[in-house]
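S.K.: For reference, this is final02.tsv, and it has TSV, C-alpha atoms and all ligand atoms.
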chain	number	residue	atom	x	y	z
A	1	SER	CA	20.62	-11.65	-2.93
A	2	LEU	CA	18.47	-14.12	-4.79
A	3	PHE	CA	16.53	-16.66	-2.77
A	4	THR	CA	13.44	-18.80	-3.00
A	5	VAL	CA	10.65	-19.36	-0.52
A	6	THR	CA	10.04	-22.86	0.65
A	7	SER	CA	9.12	-23.06	4.29
A	8	TYR	CA	5.80	-21.38	4.81
A	9	GLY	CA	4.10	-21.61	1.40
A	10	VAL	CA	0.40	-21.69	2.16
A	11	ASN	CA	-0.18	-23.31	-1.19
A	12	SER	CA	2.80	-25.59	-1.08
A	13	PRO	CA	1.45	-28.05	-3.65
A	14	THR	CA	0.93	-25.20	-6.06
A	15	ALA	CA	3.75	-22.91	-4.94
A	16	LYS	CA	6.17	-21.54	-7.51
A	17	LYS	CA	3.34	-20.52	-9.79
A	18	ILE	CA	3.06	-16.95	-10.95
A	19	GLY	CA	0.56	-15.11	-8.84
A	20	ASN	CA	0.22	-18.00	-6.42
A	21	SER	CA	3.42	-18.43	-4.47
A	22	ASN	CA	2.61	-17.00	-1.09
A	23	PRO	CA	4.10	-15.67	1.06
A	24	LEU	CA	6.56	-14.11	-1.35
A	25	ILE	CA	9.39	-14.02	1.18
A	26	ASP	CA	10.01	-15.46	4.62
A	27	HIS	CA	13.53	-14.27	5.45
A	28	LYS	CA	12.15	-10.94	6.63
A	29	LEU	CA	8.79	-9.25	7.09
A	30	GLY	CA	7.15	-6.57	4.94
A	31	ALA	CA	3.73	-4.93	5.05
A	32	ASP	CA	1.48	-2.63	3.02
A	33	PRO	CA	3.05	-3.74	-0.29
A	34	TYR	CA	2.96	-1.35	-3.23
A	35	ALA	CA	3.92	-2.53	-6.71
A	36	LEU	CA	5.86	-0.59	-9.32
A	37	VAL	CA	6.33	-2.26	-12.68
A	38	TYR	CA	9.44	-1.07	-14.48
A	39	ASP	CA	11.65	-2.53	-17.19
A	40	GLY	CA	10.28	-6.08	-16.94
A	41	ARG	CA	10.37	-6.30	-13.15
A	42	VAL	CA	7.89	-5.80	-10.33
A	43	TYR	CA	9.29	-3.81	-7.42
A	44	LEU	CA	7.46	-4.15	-4.11
A	45	TYR	CA	7.94	-1.40	-1.55
A	46	MET	CA	6.82	-2.32	1.97
A	47	SER	CA	6.55	-1.02	5.51
A	48	SER	CA	9.47	-2.47	7.48
A	49	ASP	CA	7.70	-4.75	9.96
A	50	ALA	CA	10.25	-6.34	12.31
A	51	TYR	CA	9.68	-8.20	15.57
A	52	GLU	CA	9.66	-6.09	18.72
A	53	TYR	CA	10.76	-7.67	21.99
A	54	SER	CA	10.07	-7.09	25.64
A	55	ASN	CA	11.90	-9.19	28.23
A	56	GLY	CA	13.05	-11.46	25.43
A	57	ARG	CA	9.53	-12.16	24.17
A	58	ILE	CA	7.98	-10.97	20.93
A	59	VAL	CA	5.26	-8.44	21.68
A	60	GLU	CA	2.46	-6.98	19.55
A	61	ASN	CA	3.56	-4.87	16.57
A	62	SER	CA	3.32	-1.28	17.78
A	63	PHE	CA	4.12	0.15	14.31
A	64	SER	CA	6.49	2.50	16.13
A	65	ASN	CA	9.54	0.98	14.42
A	66	LEU	CA	8.32	1.34	10.86
A	67	ASN	CA	10.97	3.84	9.79
A	68	LYS	CA	12.50	2.08	6.79
A	69	ILE	CA	11.06	0.79	3.53
A	70	HIS	CA	11.79	-2.78	2.44
A	71	VAL	CA	12.25	-3.33	-1.30
A	72	ILE	CA	12.15	-6.60	-3.21
A	73	SER	CA	11.78	-7.22	-6.93
A	74	SER	CA	11.08	-10.04	-9.33
A	75	ALA	CA	10.93	-10.67	-13.06
A	76	ASP	CA	8.57	-13.65	-12.67
A	77	LEU	CA	6.63	-13.06	-9.40
A	78	VAL	CA	8.18	-16.25	-8.02
A	79	ASN	CA	11.88	-15.60	-7.47
A	80	TRP	CA	12.52	-12.42	-5.52
A	81	THR	CA	15.63	-10.31	-5.11
A	82	ASP	CA	16.07	-8.45	-1.84
A	83	HIS	CA	17.20	-4.85	-2.36
A	84	GLY	CA	17.44	-4.20	1.36
A	85	ALA	CA	15.88	-1.45	3.41
A	86	ILE	CA	15.76	2.25	2.60
A	87	PRO	CA	16.52	4.18	5.81
A	88	VAL	CA	13.74	6.72	5.35
A	89	ALA	CA	12.87	8.38	8.65
A	90	GLY	CA	15.61	10.50	10.21
A	91	ALA	CA	14.05	12.51	13.04
A	92	ASN	CA	15.73	12.18	16.43
A	93	GLY	CA	18.64	10.23	14.98
A	94	LEU	CA	16.48	7.40	13.64
A	95	ASN	CA	18.18	4.87	11.39
A	96	GLY	CA	21.47	5.45	13.15
A	97	GLY	CA	21.45	9.10	12.12
A	98	LYS	CA	21.35	8.04	8.45
A	99	GLY	CA	17.61	8.56	7.92
A	100	ILE	CA	17.07	10.33	4.60
A	101	ALA	CA	14.03	12.42	5.59
A	102	LYS	CA	15.39	14.20	8.67
A	103	TRP	CA	11.95	15.57	9.61
A	104	ALA	CA	10.09	12.22	9.52
A	105	TRP	CA	9.63	9.81	12.42
A	106	GLY	CA	7.86	7.10	10.43
A	107	SER	CA	7.68	5.66	6.92
A	108	TRP	CA	4.46	3.69	6.68
A	109	ALA	CA	2.70	2.29	3.65
A	110	PRO	CA	4.82	3.45	0.70
A	111	SER	CA	3.74	3.98	-2.88
A	112	ALA	CA	5.99	4.49	-5.87
A	113	THR	CA	5.91	5.54	-9.47
A	114	TYR	CA	8.15	6.91	-12.18
A	115	LYS	CA	7.86	9.52	-14.86
A	116	ILE	CA	10.07	10.42	-17.81
A	117	ILE	CA	11.45	13.88	-17.12
A	118	ASP	CA	13.96	15.49	-19.50
A	119	GLY	CA	14.17	12.16	-21.33
A	120	LYS	CA	15.13	10.14	-18.26
A	121	PRO	CA	13.06	8.05	-15.83
A	122	LYS	CA	12.70	9.69	-12.43
A	123	PHE	CA	11.40	7.62	-9.52
A	124	PHE	CA	9.17	8.90	-6.72
A	125	LEU	CA	8.62	7.10	-3.44
A	126	TYR	CA	5.81	8.45	-1.25
A	127	PHE	CA	5.52	7.43	2.37
A	128	ALA	CA	3.40	8.24	5.40
A	129	ASN	CA	5.01	9.94	8.37
A	130	THR	CA	2.82	7.74	10.57
A	131	GLY	CA	-0.64	9.38	10.30
A	132	ALA	CA	0.70	12.92	10.25
A	133	GLY	CA	1.64	13.64	6.66
A	134	ILE	CA	3.18	12.37	3.45
A	135	GLY	CA	6.74	12.72	2.25
A	136	VAL	CA	8.41	11.94	-1.05
A	137	LEU	CA	11.86	10.62	-1.93
A	138	THR	CA	13.32	10.74	-5.43
A	139	ALA	CA	15.86	8.63	-7.27
A	140	ASP	CA	17.15	7.85	-10.76
A	141	SER	CA	16.50	4.13	-10.35
A	142	PRO	CA	13.78	2.04	-8.65
A	143	ILE	CA	16.29	0.97	-5.99
A	144	GLY	CA	17.80	4.36	-5.28
A	145	PRO	CA	19.94	5.93	-4.05
A	146	TRP	CA	17.10	8.06	-2.65
A	147	LYS	CA	17.11	11.68	-1.58
A	148	ASP	CA	14.61	13.94	0.13
A	149	PRO	CA	14.19	16.80	-2.34
A	150	LEU	CA	11.85	18.89	-0.17
A	151	GLY	CA	13.35	18.50	3.28
A	152	LYS	CA	9.79	18.60	4.64
A	153	PRO	CA	6.47	16.82	4.07
A	154	LEU	CA	4.86	17.03	0.64
A	155	VAL	CA	1.44	16.94	2.30
A	156	ASP	CA	0.54	17.92	5.85
A	157	HIS	CA	-2.32	19.68	7.60
A	158	ASN	CA	-1.23	23.00	6.05
A	159	THR	CA	-1.81	21.68	2.53
A	160	PRO	CA	-4.99	23.22	1.06
A	161	GLY	CA	-7.94	20.94	1.78
A	162	MET	CA	-6.04	18.83	4.35
A	163	ALA	CA	-6.65	20.90	7.50
A	164	GLY	CA	-7.97	18.73	10.30
A	165	VAL	CA	-7.98	15.50	8.29
A	166	THR	CA	-7.73	12.72	10.85
A	167	TRP	CA	-5.39	10.34	9.08
A	168	LEU	CA	-2.87	11.80	6.65
A	169	PHE	CA	-1.40	8.50	5.55
A	170	ASP	CA	-1.45	5.56	3.15
A	171	PRO	CA	-0.44	7.39	-0.03
A	172	ALA	CA	-1.30	5.98	-3.46
A	173	VAL	CA	-0.05	7.62	-6.64
A	174	LEU	CA	-1.33	7.63	-10.20
A	175	VAL	CA	0.40	9.02	-13.27
A	176	ASP	CA	-2.37	9.38	-15.81
A	177	ASP	CA	-1.97	8.81	-19.55
A	178	ASP	CA	-1.50	12.56	-20.07
A	179	GLY	CA	1.33	12.65	-17.50
A	180	SER	CA	-0.74	14.30	-14.75
A	181	GLY	CA	0.00	12.99	-11.27
A	182	TYR	CA	-2.52	12.44	-8.47
A	183	LEU	CA	-1.88	11.57	-4.86
A	184	TYR	CA	-4.51	9.76	-2.78
A	185	CYS	CA	-4.40	9.29	0.96
A	186	GLY	CA	-6.40	8.20	3.94
A	187	GLY	CA	-8.70	10.70	5.44
A	188	GLY	CA	-11.44	11.21	7.93
A	189	ILE	CA	-13.73	13.96	8.91
A	190	PRO	CA	-11.91	17.29	9.24
A	191	ASP	CA	-12.78	17.43	12.91
A	192	ASP	CA	-10.26	15.90	15.26
A	193	THR	CA	-12.76	16.04	18.08
A	194	ASN	CA	-15.07	13.59	16.36
A	195	PRO	CA	-14.17	10.13	17.70
A	196	ALA	CA	-15.95	8.52	14.77
A	197	SER	CA	-13.26	9.75	12.40
A	198	ILE	CA	-10.59	7.67	14.14
A	199	ALA	CA	-12.23	4.27	13.71
A	200	ASN	CA	-14.54	5.21	10.86
A	201	PRO	CA	-12.90	7.94	8.77
A	202	GLY	CA	-15.48	7.42	6.01
A	203	THR	CA	-13.63	9.59	3.50
A	204	GLY	CA	-10.34	9.68	1.62
A	205	ARG	CA	-8.60	12.59	-0.09
A	206	VAL	CA	-7.04	13.18	-3.51
A	207	ILE	CA	-4.84	16.06	-4.57
A	208	LYS	CA	-3.31	16.81	-7.96
A	209	LEU	CA	0.46	16.75	-8.17
A	210	GLY	CA	2.60	19.24	-10.04
A	211	ASP	CA	4.49	18.17	-13.17
A	212	ASP	CA	7.54	17.61	-10.96
A	213	MET	CA	5.57	15.08	-8.83
A	214	ILE	CA	6.99	16.70	-5.68
A	215	SER	CA	4.54	19.59	-5.39
A	216	THR	CA	0.76	19.78	-5.08
A	217	VAL	CA	-1.65	21.83	-7.18
A	218	GLY	CA	-4.85	23.36	-5.84
A	219	SER	CA	-6.82	21.95	-2.99
A	220	ALA	CA	-7.39	18.35	-1.90
A	221	VAL	CA	-10.78	16.91	-2.81
A	222	ARG	CA	-12.74	14.67	-0.46
A	223	ILE	CA	-13.55	11.16	-1.67
A	224	ASP	CA	-16.72	9.86	-0.10
A	225	ALA	CA	-16.09	6.16	0.38
A	226	PRO	CA	-18.64	4.16	2.38
A	227	TYR	CA	-17.14	2.73	5.57
A	228	PHE	CA	-13.64	3.85	4.50
A	229	PHE	CA	-10.94	2.88	6.97
A	230	GLU	CA	-7.49	3.03	5.28
A	231	ALA	CA	-5.31	1.76	2.43
A	232	ALA	CA	-6.36	4.04	-0.42
A	233	GLU	CA	-5.34	2.62	-3.78
A	234	ILE	CA	-5.90	3.63	-7.42
A	235	HIS	CA	-5.54	2.02	-10.81
A	236	LYS	CA	-6.88	2.65	-14.29
A	237	TYR	CA	-8.63	0.00	-16.36
A	238	ASN	CA	-10.32	0.51	-19.72
A	239	GLY	CA	-10.28	4.29	-19.29
A	240	LYS	CA	-11.94	4.19	-15.86
A	241	TYR	CA	-10.40	4.99	-12.49
A	242	TYR	CA	-10.68	2.27	-9.86
A	243	TYR	CA	-10.32	3.54	-6.30
A	244	SER	CA	-10.08	0.81	-3.69
A	245	TYR	CA	-9.74	0.83	0.07
A	246	CYS	CA	-10.09	-1.20	3.25
A	247	ILE	CA	-13.50	-1.13	4.93
A	248	ASN	CA	-13.44	-0.23	8.61
A	249	PHE	CA	-14.04	-2.57	11.52
A	250	ALA	CA	-16.18	-0.28	13.68
A	251	GLY	CA	-19.86	-0.64	14.53
A	252	THR	CA	-22.46	-2.56	12.55
A	253	HIS	CA	-22.33	-2.67	8.77
A	254	PRO	CA	-24.84	-3.47	6.02
A	255	PRO	CA	-23.80	-6.70	4.23
A	256	GLU	CA	-22.45	-4.91	1.15
A	257	TYR	CA	-19.73	-3.32	3.31
A	258	PRO	CA	-18.06	-6.34	5.00
A	259	LYS	CA	-15.59	-5.35	7.69
A	260	GLY	CA	-11.91	-5.45	6.79
A	261	GLU	CA	-12.44	-6.37	3.14
A	262	ILE	CA	-11.07	-4.42	0.19
A	263	ALA	CA	-13.82	-2.46	-1.54
A	264	TYR	CA	-13.70	-0.54	-4.81
A	265	MET	CA	-15.41	2.33	-6.53
A	266	VAL	CA	-15.22	3.50	-10.16
A	267	SER	CA	-15.19	6.93	-11.80
A	268	ASP	CA	-14.57	8.58	-15.18
A	269	ASN	CA	-12.49	11.20	-13.38
A	270	PRO	CA	-9.33	10.63	-11.30
A	271	MET	CA	-10.66	13.02	-8.66
A	272	GLY	CA	-14.10	11.42	-8.52
A	273	PRO	CA	-16.85	11.32	-7.56
A	274	PHE	CA	-16.64	7.52	-7.45
A	275	THR	CA	-19.48	4.99	-7.52
A	276	TYR	CA	-19.35	2.08	-5.07
A	277	LYS	CA	-19.14	-1.33	-6.78
A	278	GLY	CA	-18.52	-3.84	-4.00
A	279	THR	CA	-15.58	-5.76	-2.57
A	280	PHE	CA	-12.97	-7.92	-4.29
A	281	LEU	CA	-10.38	-9.05	-1.74
A	282	ARG	CA	-11.23	-11.09	1.27
A	283	ASN	CA	-8.04	-11.44	3.24
A	284	PRO	CA	-8.41	-14.50	5.45
A	285	SER	CA	-5.49	-13.36	7.59
A	286	VAL	CA	-7.77	-10.69	8.98
A	287	PHE	CA	-10.61	-13.00	9.82
A	288	PHE	CA	-9.32	-16.37	10.91
A	289	GLY	CA	-7.46	-16.36	14.16
A	290	VAL	CA	-4.95	-13.57	13.90
A	291	GLY	CA	-6.90	-10.40	13.13
A	292	GLY	CA	-4.83	-7.48	11.89
A	293	ASN	CA	-5.44	-5.14	9.01
A	294	ASN	CA	-5.78	-5.36	5.26
A	295	HIS	CA	-3.74	-3.29	2.82
A	296	HIS	CA	-3.32	-3.96	-0.87
A	297	THR	CA	-2.00	-2.76	-4.21
A	298	THR	CA	-3.21	-3.61	-7.69
A	299	PHE	CA	-0.95	-3.84	-10.73
A	300	ASN	CA	-0.71	-5.09	-14.29
A	301	PHE	CA	2.30	-7.19	-15.22
A	302	ARG	CA	2.73	-8.62	-18.71
A	303	GLY	CA	-0.96	-8.14	-19.47
A	304	GLU	CA	-2.33	-9.80	-16.32
A	305	TRP	CA	-3.79	-8.11	-13.27
A	306	TYR	CA	-2.61	-8.91	-9.75
A	307	VAL	CA	-3.31	-7.79	-6.22
A	308	ALA	CA	-0.58	-7.71	-3.59
A	309	TYR	CA	-1.55	-7.57	0.07
A	310	HIS	CA	-0.19	-8.71	3.39
A	311	SER	CA	-0.99	-11.60	5.71
A	312	GLN	CA	0.40	-12.84	8.99
A	313	THR	CA	1.31	-16.30	7.74
A	314	VAL	CA	5.03	-16.01	8.44
A	315	SER	CA	4.71	-14.44	11.90
A	316	LEU	CA	2.15	-17.07	12.84
A	317	ALA	CA	4.48	-19.86	11.76
A	318	GLN	CA	7.54	-18.30	13.38
A	319	THR	CA	6.03	-17.21	16.67
A	320	GLY	CA	2.81	-19.17	17.10
A	321	ALA	CA	0.76	-15.97	16.82
A	322	GLY	CA	0.52	-13.24	14.21
A	323	ARG	CA	0.82	-10.37	16.69
A	324	GLY	CA	0.33	-7.88	13.87
A	325	TYR	CA	3.52	-8.74	11.92
A	326	ARG	CA	2.93	-8.93	8.21
A	327	SER	CA	4.36	-10.51	5.06
A	328	PRO	CA	3.59	-9.88	1.39
A	329	ASN	CA	1.37	-12.04	-0.84
A	330	ILE	CA	0.33	-11.74	-4.48
A	331	ASN	CA	-2.73	-13.27	-6.11
A	332	LYS	CA	-4.14	-12.94	-9.59
A	333	MET	CA	-6.99	-10.51	-10.02
A	334	GLU	CA	-9.48	-11.00	-12.80
A	335	MET	CA	-11.94	-8.62	-14.40
A	336	ASN	CA	-15.45	-9.51	-15.54
A	337	PRO	CA	-16.51	-8.36	-19.03
A	338	ASP	CA	-18.64	-5.63	-17.43
A	339	GLY	CA	-15.60	-4.11	-15.71
A	340	THR	CA	-16.34	-5.45	-12.25
A	341	ILE	CA	-13.59	-7.29	-10.38
A	342	LYS	CA	-13.93	-11.00	-9.57
A	343	GLN	CA	-13.61	-11.98	-5.93
A	344	VAL	CA	-10.06	-12.84	-4.90
A	345	GLN	CA	-9.73	-15.18	-1.98
A	346	GLY	CA	-6.49	-14.20	-0.31
A	347	ASP	CA	-4.09	-16.87	0.91
A	348	TYR	CA	-3.68	-17.72	4.51
A	349	LYS	CA	-2.85	-20.97	6.20
B	1	LIG	O1	1.63	-0.34	8.43
B	1	LIG	C1	1.10	0.74	9.16
B	1	LIG	C2	-0.36	0.91	8.88
B	1	LIG	O2	-1.07	-0.31	9.06
B	1	LIG	C3	-0.72	1.33	7.48
B	1	LIG	O3	-0.52	2.69	7.25
B	1	LIG	C4	-2.15	0.92	7.42
B	1	LIG	O4	-2.69	0.89	6.14
B	1	LIG	C5	-2.11	-0.43	8.08
B	1	LIG	O5	-1.75	-1.43	7.18
Can you dump the structure from the file as structure tokens?
Ligand code: FUB

M.R.:
Amino acid sequence: SLFTVTSYGVNSPTAKKIGNSNPLIDHKLGADPYALVYDGRVYLYMSSDAYEYSNGRIVENSFSNLNKIHVISSADLVNWTDHGAIPVAGANGLNGGKGIAKWAWGSWAPSATYKIIDGKPKFFLYFANTGAGIGVLTADSPIGPWKDPLGKPLVDHNTPGMAGVTWLFDPAVLVDDDGSGYLYCGGGIPDDTNPASIANPGTGRVIKLGDDMISTVGSAVRIDAPYFFEAAEIHKYNGKYYYSYCINFAGTHPPEYPKGEIAYMVSDNPMGPFTYKGTFLRNPSVFFGVGGNNHHTTFNFRGEWYVAYHSQTVSLAQTGAGRGYRSPNINKMEMNPDGTIKQVQGDYK
């Protein structure tokens, strides 16, 4: 269905402008957006936030119902088409017994890409089985139908280099110019007894993907990322690899690592090591009133760079409090001549 957003536009005087028409949708929720650009459209894949109730009242988002993936797309970043929800997780009869990945009990924070294989585009949708591993669905189109080619996680604690990693979640995928695939994910110290790795994982992981994009090659490599919390993300710009992530909220931080902001590091190699450059996305939703987390994706559409992220604007307007329920936003992202990223001030009422 095609619809337009009118009710909760935080920039209502300037709404309906490309890259500045937030929130993108208000007829449903959607978190952890990940953008795939294909055939003149931007597809956003999102965690399936939906209000949870207790005694008829909306309660805090427990993330325990994130077992679908919401998909919307647009050719202009203003008018969005809703492609519905992919019923991903299928353990214990989830999704009415129609869950595609029968082994998975969650489908958090998706990422998607495509690759031409045997002359045809093949689509890959990676998702986090909560914090316990990463699965992949495949399809012949960006909107499915999807299948689970492995019948098990692509990455779990048995994957070389992933033993003991605290958070196996938040996948990000890169297909490099030579066709090589890389999968990034959230991390932590390989020591589940270390409480610091829960609130302050401090490291991410990257592992090379096989040519089929549904297998891994070799061992995962640790990415040392100062004050890393979650939301690993990767893009390539001018031949360099930009790895970005959300800074954690724990303890005291030096000023160059502001809590909850999106930081980035740069490398000449997709597997690092990366050099810390600073932060580029301040998400006001996290700081003013409602709290919550910060999760983003970067993408290039028709020659311009954008960052998609989530805020709690819609849930705040609909319920009087954010309560951890998130909706997607997109803002323009601009590069300085020296390759650094200009600060983006995220939208929030
Ligand atoms: O949506 C569930 C989790 O919340 C994601 O995996 C994290 O990045 C945070 O956004």

S.K.: Please indicate the distance in Å from CA of Gly346 (chain A) to CA of Pro273 (chain A), rounded to one decimal place.

M.R.: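 For CA of Gly346 (chain A) relative to CA of Pro273 (chain A), the distance reads 28.5 Å.
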
S.K.: Could you tell me how far CA of Pro337 (chain A) lies from CA of Tyr237 (chain A), in Å and to one decimal?

M.R.: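 Taking CA of Pro337 (chain A) and CA of Tyr237 (chain A), their separation equals 11.8 Å.
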
S.K.: Collect all residues with atoms no farther than 8 Å from ligand LIG 1 (chain B), counting only C-alpha atoms and all ligand atoms, and output them as an mmCIF file with C-alpha atoms, in the coordinates of the input.

M.R.:
data_model
loop_
_atom_site.group_PDB
_atom_site.id
_atom_site.type_symbol
_atom_site.label_atom_id
_atom_site.label_comp_id
_atom_site.auth_asym_id
_atom_site.auth_seq_id
_atom_site.Cartn_x
_atom_site.Cartn_y
_atom_site.Cartn_z
ATOM 1 C CA ALA A 31 3.730 -4.930 5.050
ATOM 2 C CA ASP A 32 1.480 -2.630 3.020
ATOM 3 C CA SER A 47 6.550 -1.020 5.510
ATOM 4 C CA ASP A 49 7.700 -4.750 9.960
ATOM 5 C CA PHE A 63 4.120 0.150 14.310
ATOM 6 C CA LEU A 66 8.320 1.340 10.860
ATOM 7 C CA TRP A 108 4.460 3.690 6.680
ATOM 8 C CA ALA A 109 2.700 2.290 3.650
ATOM 9 C CA ALA A 128 3.400 8.240 5.400
ATOM 10 C CA THR A 130 2.820 7.740 10.570
ATOM 11 C CA GLY A 131 -0.640 9.380 10.300
ATOM 12 C CA PHE A 169 -1.400 8.500 5.550
ATOM 13 C CA ASP A 170 -1.450 5.560 3.150
ATOM 14 C CA GLU A 230 -7.490 3.030 5.280
ATOM 15 C CA ALA A 231 -5.310 1.760 2.430
ATOM 16 C CA ASN A 293 -5.440 -5.140 9.010
ATOM 17 C CA ASN A 294 -5.780 -5.360 5.260
ATOM 18 C CA HIS A 295 -3.740 -3.290 2.820
#

S.K.: Counting all atoms listed in the file, which of A:Lys342, A:Lys98, A:Lys259, A:His235 gets nearest to Lys277 (chain A)?

M.R.: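 Closest to Lys277 (chain A), using all atoms listed in the file: A:Lys342.
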
S.K.: Quick one: everything within 7 Å of Pro110 (chain A), counting all atoms listed in the file, minus sequence neighbours fewer than 3 positions away in the same chain. Send it as a list in words.

M.R.: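 My list of contacting residues is Tyr34, Tyr45, Met46, Ser47, Leu125, Tyr126, Phe127, Ala128 and Pro171 of chain A.
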
S.K.: Quick one: pull the distance between CA of Val88 (chain A) and CA of Phe124 (chain A), Å, one decimal.

M.R.: 13.1 Å

S.K.: Around all of region 84-97 of chain A's listed atoms, make the axis-aligned box with 3 Å on each side and tell me centre and edge lengths in Å to one decimal, as AutoDock Vina command-line options.

M.R.:
--center_x 17.2 --center_y 4.2 --center_z 8.9 --size_x 14.6 --size_y 22.7 --size_z 21.1

S.K.: Smallest atom-to-atom distance to Gly144 (chain A): which of A:Ala232, A:Ile100, A:Ile223, A:Ala172, using only C-alpha atoms?

M.R.: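 Closest residue, counting only C-alpha atoms: A:Ile100.
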
S.K.: Compute the distance from (-16.3, 12.3, 6.9) to each atom, counting all atoms listed in the file, keep the residues with any atom at most 9 Å away, and return them as number ranges by chain; use the coordinates of the file.

M.R.: A: 187-191, 196-197, 200-204, 222, 224-225
